[in-house]
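Peer 1: Dropping the structure in here first, questions after.
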Amino acid sequence: MKIPKELRYTKDHEWVRVEGTVAVVGITDFAQLQLGDIVFVELPGEGAMVKAGESFTVIESVKAASDIYAPVSGKIVKVNAALADAPDLINQDPYGDGWLVAVELADGSEPDGLLDNDAYTRLAEEGQ
Amino acid sequence: MKENQPTIFEISKPGRFALDLGKGDVPACDLETLVPAHLLRAKPAELPEVSQPDLMRHYTALSTRNFGVDSGFYPLGSCTMKYNPKVNEDVCRYPGFTDLHPLQDPESAQGALELLYNMAQHLAELAGMDAVTLQPAAGAHGELTGLKIIKAYHRSRGETRTKVIVPDSAHGTNPATATVCGLETVGVKSAGDGLVCLEALKAAAGPDTAALMLTNPNTLGLFEKNIREIAEIIHDAGGLLYYDGANMNAIMGLARPGDMGFDVVHLNLHKTFATPHGGGGPGSGPVGVKKPLIPFLPVPVPSFDGQKYGLDYDRPSSIGRIHSFYGNFGVIVRAYAYIRAMGPEGLRQVSEDAVLNANYCLSRLREDYHAPFAGNCLHECVLTARNQKPFGVKALDIAKRLLDYGYHPPTIYFPLIVEEALMIEPTETESKETLDGFIRAMREIAAEAGTDAARILSAPHSTVAGRLDETAAARKPVVRWKP
Amino acid sequence: MAWSYLPHNEADRRAMLDAIGAASAEQLFADVPADLRLTGGLNLPPALSEPELTNHLGALAKINADLRNMSCFLGAGAYDHYIPSVIDHVIRRSEFYTAYTQYQPEISQGYLQALWEYQSMICEITGMEAANASLYDGGTAVAEAAMLACAASGKKTVVMAQAGHPHYREIFQTYARDKDLEFRLAPYGDGLTDLTGLRELIDDSTAAVAIQSPNFFGCIEDLKGIAEIAHARGAYLIAVVDPVSLGLLEAPGALGADIVVGEGQGLGIPLSFGGPYLGFLATTEKLMRKMPGRIVGQTTDNRGNRGFVLTLQAREQHIRRDKATSNICSNEALCALMAAVYLSALGREGFREVAAQSFRKAHYAYRALTSLPGCEPVFSGPFFKEFAVRLPSPPAEINKKLRRVGILGGFDLGGPYPGLENCMLICVTEKRTKGEIDRLASEMGAML
């Protein structure tokens, strides 16, 4: 199970990578392993506003449907359109090609409040 | 048997047909002048063209690629797959029942209304309730009707109650129904013995509690022996008790939800009352209520004035209509025939034998399979694949291997609170010999897990199809044939 | 006492109790508190033998005046179309009717394929991309379609035509009440939905417009025009259709419908006093993953062969639980199988022919009845197999007289439609002969 050092995490198993004023969001390796083969991602629209802690999309596997919660607040400026045809990108590369959305941060300091690599590793180990 | 049965579209050939309809004996009329052109069909629907012998062979071939209760043992937990009496299939097809229009004058349908009226009385007696509506078309439809009645009751008392308490062992329909009724689900955890935790229930119940939804025996096959206390906690909070009748086959003639303190009950005629499941339906989910809730029953309500049977629509507090007509009448006729054939002692014997069969399976399998709870069960038992897991064999694999032995597997991965669950409901219509055969197969699979797990993991080997790729099916859905 | 459905004899029961280690059956119920045990036994009539049972049910059935002895001109949502013999022979195969839902696809390929073929046929006749494997009946299908539209759009208002089946509207109102969905009624004029009135009712909160065509009066609505009105405000169009009519009338999918639902009883399913019937639901590809109910999909097995499975299950109640948008679990699979056999039996040409004959015979009856003095047409719009006539006396009285001469007369519109007192909705299917229609006209002529 991979948990990259440079990312921030939530207890709901989303990750965030800050690139300037924008946060790229995805689900963790742990989350994709729990879900199994992902079959569908209900992509939100670009321009939609999200609020930290609120569900903004649903990821479906064959036998499960999981709400995905926004780690940060802001405006969705880009969605990973490739997921429409290839939702398995999340299984193959959860931290890379399997990213979900990019959010323009309403508050640039918000990601600082998220879990770091150590804290999330402990959480994921408990969950196994 | 062929590995692929062509679809009916693939055997179609222009000019063939399977019904001689006749030409019709009235003069032609000019369609184009009577209907605007843009509302007329531009190109015909590409329906298959097959002769009558081809049609029968096609569907017969499909039927041989399917497994029903008449094919073999079907211990699918929570589904009560008992034998479907054949005489019921005949009586429901009497022309006096099938060729009856729902809107014809009740005067001309007195036999049907008498049957409905009496059936409601019989089910009320069985469940210990004061009145029953036969309209819900399935168990989940019954739940919806029941919760709407409960909501209407609270509303009539000027109360807004928004929460339904559902134990974590509940059927998925319970929380889904609550949501469809605009209610919020509050989960309560089960205690270590598999029963509702009274402390957790006390903490969850309050002035916003609309109802508690419960099955008893619960989905672990265990009787909630604290049901009196449970009822008191909910009633003291001002809520009502809803009984999910999926497991009624355990207690007919032995105990009644009404006597336990339940206010609303739904029954599954396609489970407990031996009507066929039809491959997923039609079912029937009548709902029984206690007296204070009678005004809220859906319209119409079958009535009897001592002389004539009728349909009562004059019910101002009713939740309204929930079915196009009066429910699944044809299913109700079958279940009525079942109740009349069994009689009161017979129905009690049904439950006794159902419980005996489940306990027999449990006692003979608990050496090889882990049983998460001590003691006896009622009409179904829950085992797990914990002992087999170290060999890489999961509940799913055991289920697939059972197919090679000619059995329908138990329900797997339910209830959710038991890991790797295998939920076995043998029902009362299975003989000791059948159960012994199944037990032998289960033991052989348990042994095989240690000696040849690969054989189990690649099962089934003897069915017309191997394991199917459900991921591919869901990623790129192909849900229809295309010309 | 013994029962033929129960295999154990006393020796079996004893041996099994011994194996369990229980002294008696009673002991197995030890967890049921003594004060909750039913001591007096159930107050139910005593058991009947099989001959007694068939006599008893035969007697109840005989009390009813069934359609084998009457000419039926009653429709209003339940139709006396001819039912081909092959249907019952197929559904009596007990591998079909005694099976449960297809959760073990390896031993359910037959039913899965039959349901996939059913979905395909529903898509073909409605002109849609995806159909589910059935819902309870026409009325609940309308309610499910409306809830689907609300869930997919995030909006809360549904506009329904007053000219639609009154029962269907009532069911949606029952469903809507507890979900805080708003219901608006679109008025009609001259038997058709009033498009100006409709336009005024639609606003940005409107999730969907539900229009029945042919509507409750039998009249054919302009679904194309209505689709344009709905779409202009971002609302879905739910078309509620009589599937039999689609042999002649344009597929709602081709007219712009987003969701198509209806009552499938006319597709080879007996009237059976109102059920079991068949709710069908079909959608565009876009809405497929929001559909309620079970869906069968095509895939391959691990031997490389084509196979079928229940798919898109993540939508369903057993997975979504309290996040589900529908709670449906059991459906009407066997009725879906009946409809599939029906459509296969008719085929491409027969499907059109049933619709054409129903249309012709209804129009023949319309001409015969409206030429009677005192019997006036109520509406002037195009109709399919049902039409309304105004009579000089209450339809209930006329129907009573008709019944005495072996005719089941039409539906009394005065009940659900104030202003249509003394109006009768007459239905004529392909099953009625010219002789029966002529007799209806002559008997009514004598009464008026």
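Scheme for the structure tokens: letters A, B, ... for chains in order shown; per-chain residue numbers from 1; ligand numbers from 1 in order shown.
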Under the rule of at most 8 Å, produce a per-residue listing of chain C near chain A: chain, number, name, the closest pair of atoms, and the distance in Å, as CSV, using only C-alpha atoms.
Peer 2:
residue,atom,partner,partner_atom,distance
C:Thr311,CA,A:Val62,CA,7.9
C:Leu312,CA,A:Val62,CA,7.2
C:Gln313,CA,A:Lys63,CA,6.7
C:Ala314,CA,A:Ala65,CA,5.5
C:Arg315,CA,A:Ala65,CA,7.8
C:Ile319,CA,A:Ala64,CA,6.0
C:Arg320,CA,A:Ala65,CA,6.5
Peer 1: What parts of segment 68-259 of chain B does DSSP call alpha helix (DSSP H)? I'd like the answer as a ChimeraX atom specification.
Peer 2: /B:86-91,95-98,110-127,139-156,173-180,198-204,227-236,257-259
Peer 1: Identify, with DSSP run on backbone atoms, the residues in segment 311-444 of chain B assigned to strand (DSSP E), and express the list as a list in words.
Peer 2: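 Matching residues for strand (DSSP E) in segment 311-444 of chain B are Leu311, Asp312, Cys381, Val382, Leu383, Thr384, Thr411, Ile412, Ala421, Leu422, Met423 and Ile424 of chain B.
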Peer 1: Write out as a PyMOL selection string which residues come within 7 Å of Phe329 of chain B when counting only C-alpha atoms, dropping same-chain ones fewer than 4 positions away.
Peer 2: (chain B and resi 333) or (chain C and resi 272-276)
Peer 1: Keeping only N, CA, C and O atoms, write the selected residues as a compact mmCIF listing (two decimals), in the first residue's frame.
Peer 2:
# COMPACT_ATOMS: atom_id res chain seq x y z
N VAL B 333 -54.30 -15.10 -4.29
CA VAL B 333 -55.12 -16.32 -4.43
C VAL B 333 -54.27 -17.55 -4.08
O VAL B 333 -54.72 -18.44 -3.36
N SER C 272 -56.75 -10.54 -14.26
CA SER C 272 -56.51 -11.00 -12.88
C SER C 272 -56.90 -10.01 -11.79
O SER C 272 -56.18 -9.88 -10.81
N PHE C 273 -57.98 -9.33 -11.97
CA PHE C 273 -58.53 -8.41 -10.96
C PHE C 273 -57.50 -7.38 -10.50
O PHE C 273 -57.49 -6.98 -9.34
N GLY C 274 -56.59 -7.01 -11.42
CA GLY C 274 -55.71 -5.88 -11.11
C GLY C 274 -54.27 -6.23 -10.79
O GLY C 274 -53.47 -5.35 -10.53
N GLY C 275 -53.89 -7.49 -10.82
CA GLY C 275 -52.49 -7.82 -10.57
C GLY C 275 -52.28 -9.31 -10.41
O GLY C 275 -53.24 -10.02 -10.16
N PRO C 276 -51.08 -9.81 -10.58
CA PRO C 276 -49.85 -9.07 -10.88
C PRO C 276 -49.80 -8.53 -12.30
O PRO C 276 -50.18 -9.22 -13.24
Peer 1: Can you work out the spacing between atom CA of Leu383 of chain B and atom CA of Ala25 of chain C in Å, to one decimal?
Peer 2: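 Atom CA of Ala25 of chain C lies 21.8 Å from atom CA of Leu383 of chain B.
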Peer 1: So, counting only C-alpha atoms, which residue among B:Leu39, B:Ala385, B:Leu113, B:Ala152 is closest to Asp178 of chain C?
Peer 2: B:Ala152
Peer 1: I want to know what sits within 9 Å of segment 187-203 of chain B, based on only C-alpha atoms, with residues of the same chain fewer than 3 positions away left out; could you give that as a CSV table (one decimal) with N, CA, C and O atoms, in the first residue's frame?
Peer 2:
chain,number,residue,atom,x,y,z
B,164,VAL,N,-35.9,6.9,11.9
B,164,VAL,CA,-36.2,5.4,12.0
B,164,VAL,C,-35.0,4.7,12.5
B,164,VAL,O,-33.9,4.9,11.9
B,165,ILE,N,-35.2,4.0,13.5
B,165,ILE,CA,-34.0,3.2,14.1
B,165,ILE,C,-34.0,1.8,13.4
B,165,ILE,O,-35.0,1.1,13.3
B,166,VAL,N,-32.8,1.5,12.9
B,166,VAL,CA,-32.7,0.2,12.2
B,166,VAL,C,-31.4,-0.5,12.8
B,166,VAL,O,-30.3,0.1,12.8
B,167,PRO,N,-31.5,-1.7,13.2
B,167,PRO,CA,-30.3,-2.4,13.7
B,167,PRO,C,-29.4,-2.7,12.6
B,167,PRO,O,-29.8,-2.8,11.4
B,168,ASP,N,-28.1,-2.8,12.9
B,168,ASP,CA,-27.1,-3.0,11.8
B,168,ASP,C,-27.2,-4.4,11.1
B,168,ASP,O,-26.6,-4.6,10.1
B,169,SER,N,-28.1,-5.3,11.7
B,169,SER,CA,-28.2,-6.6,11.0
B,169,SER,C,-29.4,-6.5,10.0
B,169,SER,O,-29.7,-7.6,9.4
B,175,PRO,N,-33.3,0.6,5.6
B,175,PRO,CA,-32.8,2.0,5.5
B,175,PRO,C,-33.2,2.6,4.2
B,175,PRO,O,-33.5,3.8,4.1
B,206,GLY,N,-35.8,8.6,21.1
B,206,GLY,CA,-36.1,9.9,21.6
B,206,GLY,C,-37.3,10.5,21.0
B,206,GLY,O,-38.0,9.9,20.3
B,218,ASN,N,-34.3,-12.3,14.2
B,218,ASN,CA,-33.5,-11.3,13.4
B,218,ASN,C,-32.8,-12.0,12.2
B,218,ASN,O,-33.0,-13.2,12.0
B,220,LEU,N,-29.9,-13.0,11.9
B,220,LEU,CA,-29.0,-14.0,12.3
B,220,LEU,C,-29.7,-15.3,12.7
B,220,LEU,O,-29.1,-16.3,13.1
B,222,LEU,N,-31.8,-15.4,15.2
B,222,LEU,CA,-31.9,-15.4,16.6
B,222,LEU,C,-33.2,-14.7,17.0
B,222,LEU,O,-33.5,-13.6,16.5
B,223,PHE,N,-33.9,-15.2,18.1
B,223,PHE,CA,-35.1,-14.5,18.6
B,223,PHE,C,-34.7,-13.4,19.5
B,223,PHE,O,-33.8,-13.6,20.4
B,224,GLU,N,-35.2,-12.2,19.2
B,224,GLU,CA,-34.9,-11.1,20.1
B,224,GLU,C,-35.7,-11.3,21.4
B,224,GLU,O,-36.9,-10.8,21.5
B,225,LYS,N,-35.1,-11.9,22.3
B,225,LYS,CA,-35.9,-12.3,23.5
B,225,LYS,C,-36.3,-11.1,24.4
B,225,LYS,O,-37.2,-11.2,25.2
B,226,ASN,N,-35.6,-10.0,24.2
B,226,ASN,CA,-35.9,-8.8,25.0
B,226,ASN,C,-36.9,-8.0,24.3
B,226,ASN,O,-37.0,-6.8,24.5
B,229,GLU,N,-38.9,-5.5,26.3
B,229,GLU,CA,-38.2,-4.3,26.7
B,229,GLU,C,-38.0,-3.3,25.5
B,229,GLU,O,-38.1,-2.1,25.6
B,230,ILE,N,-37.7,-3.9,24.4
B,230,ILE,CA,-37.4,-3.1,23.2
B,230,ILE,C,-38.7,-2.3,22.9
B,230,ILE,O,-38.6,-1.1,22.6
B,233,ILE,N,-39.2,0.6,25.3
B,233,ILE,CA,-38.2,1.7,25.1
B,233,ILE,C,-38.8,2.6,23.9
B,233,ILE,O,-38.9,3.8,24.0
B,234,ILE,N,-39.2,1.9,22.8
B,234,ILE,CA,-39.7,2.7,21.7
B,234,ILE,C,-41.0,3.3,22.0
B,234,ILE,O,-41.2,4.5,21.7
B,372,PRO,N,-20.8,-18.1,14.4
B,372,PRO,CA,-20.4,-16.9,15.2
B,372,PRO,C,-21.2,-16.8,16.5
B,372,PRO,O,-20.8,-16.0,17.4
B,373,PHE,N,-22.3,-17.5,16.6
B,373,PHE,CA,-23.1,-17.4,17.9
B,373,PHE,C,-23.4,-18.8,18.5
B,373,PHE,O,-23.6,-19.7,17.8
B,374,ALA,N,-23.3,-18.8,19.8
B,374,ALA,CA,-23.6,-20.1,20.5
B,374,ALA,C,-25.1,-20.4,20.5
B,374,ALA,O,-25.9,-19.5,20.2
B,417,ILE,N,-23.0,-7.7,9.4
B,417,ILE,CA,-22.1,-7.6,10.6
B,417,ILE,C,-21.3,-8.9,10.8
B,417,ILE,O,-20.5,-8.9,11.7
Peer 1: Write out as a list in words which residues come within 10 Å of Glu6 of chain A when counting only C-alpha atoms, dropping same-chain ones fewer than 4 positions away.
Peer 2: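 My list of contacting residues is Val16, Arg17, Val18, Asp116 and Asn117 of chain A.
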Peer 1: Deliver the residues from the most recent selection as a file, using N, CA, C and O atoms, as a PDB file, in the first residue's frame.
Peer 2:
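File produced: selection.pdb:
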ATOM      1  N   VAL A  16      -4.745  15.014  -1.131  1.00  0.00           N
ATOM      2  CA  VAL A  16      -4.684  16.359  -1.718  1.00  0.00           C
ATOM      3  C   VAL A  16      -3.227  16.669  -2.087  1.00  0.00           C
ATOM      4  O   VAL A  16      -2.332  16.404  -1.292  1.00  0.00           O
ATOM      5  N   ARG A  17      -3.016  17.185  -3.286  1.00  0.00           N
ATOM      6  CA  ARG A  17      -1.681  17.678  -3.656  1.00  0.00           C
ATOM      7  C   ARG A  17      -1.828  19.153  -4.021  1.00  0.00           C
ATOM      8  O   ARG A  17      -2.584  19.497  -4.949  1.00  0.00           O
ATOM      9  N   VAL A  18      -1.146  20.013  -3.274  1.00  0.00           N
ATOM     10  CA  VAL A  18      -1.290  21.454  -3.502  1.00  0.00           C
ATOM     11  C   VAL A  18      -0.312  21.894  -4.590  1.00  0.00           C
ATOM     12  O   VAL A  18       0.862  21.594  -4.523  1.00  0.00           O
ATOM     13  N   ASP A 116      -1.087  14.422   7.844  1.00  0.00           N
ATOM     14  CA  ASP A 116       0.139  14.211   7.085  1.00  0.00           C
ATOM     15  C   ASP A 116       0.352  12.714   6.876  1.00  0.00           C
ATOM     16  O   ASP A 116      -0.448  11.887   7.336  1.00  0.00           O
ATOM     17  N   ASN A 117       1.414  12.387   6.195  1.00  0.00           N
ATOM     18  CA  ASN A 117       1.712  11.015   5.836  1.00  0.00           C
ATOM     19  C   ASN A 117       1.751  10.080   7.054  1.00  0.00           C
ATOM     20  O   ASN A 117       1.151   8.994   7.038  1.00  0.00           O
TER      21      ASN A 117
END
Peer 1: Quick one: pull the distance between atom CA of Ser303 of chain B and atom CA of Leu126 of chain B, Å, one decimal.
Peer 2: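 We find that atom CA of Ser303 of chain B and atom CA of Leu126 of chain B lie 19.6 Å from each other.
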Peer 1: Give me the residues of segment 112-186 of chain C that have any atom at most 8 Å from an atom of segment 277-297 of chain C; for each, the nearest atom pair and the distance in Å, rounded to one decimal. Use only C-alpha atoms, sort by chain and number, and format it as CSV.
Peer 2:
residue,atom,partner,partner_atom,distance
C:Leu112,CA,C:Val296,CA,6.5
C:Leu115,CA,C:Val296,CA,6.8
C:Trp116,CA,C:Val296,CA,5.5
C:Ile122,CA,C:Ala282,CA,7.3
C:Cys123,CA,C:Ala282,CA,6.6
C:Thr126,CA,C:Ala282,CA,7.5
C:Met128,CA,C:Thr284,CA,5.7
C:Glu129,CA,C:Thr284,CA,5.1
C:Ala130,CA,C:Thr283,CA,5.4
C:Ala131,CA,C:Ala282,CA,4.0
C:Asn132,CA,C:Ile295,CA,4.8
C:Ala133,CA,C:Ile295,CA,5.4
C:Ser134,CA,C:Phe280,CA,5.1
C:Leu135,CA,C:Gly279,CA,4.4
C:Tyr136,CA,C:Gly279,CA,5.1
C:Asp137,CA,C:Gly279,CA,3.7
C:Gly138,CA,C:Gly279,CA,4.6
C:Gly139,CA,C:Gly279,CA,7.6
C:Thr140,CA,C:Gly279,CA,7.2
C:Ala141,CA,C:Gly279,CA,5.3
C:Glu144,CA,C:Pro292,CA,7.2
C:Ala145,CA,C:Leu281,CA,7.5
C:Leu148,CA,C:Met291,CA,6.7
C:Ala152,CA,C:Lys290,CA,7.0
Peer 1: I'd like the contact shell of Leu271 of chain C - 10 Å cut-off, only C-alpha atoms, skipping same-chain residues fewer than 4 positions apart - returned as a list in words.
Peer 2: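 Here the answer would be Phe97, Thr98, Asp99, Leu100, His101, Pro102, Phe329 and Gly330 of chain B; Leu67, Ala78, Tyr79, Asp80, His81, Gln265, Gly266, Gly275, Pro276 and Tyr277 of chain C.
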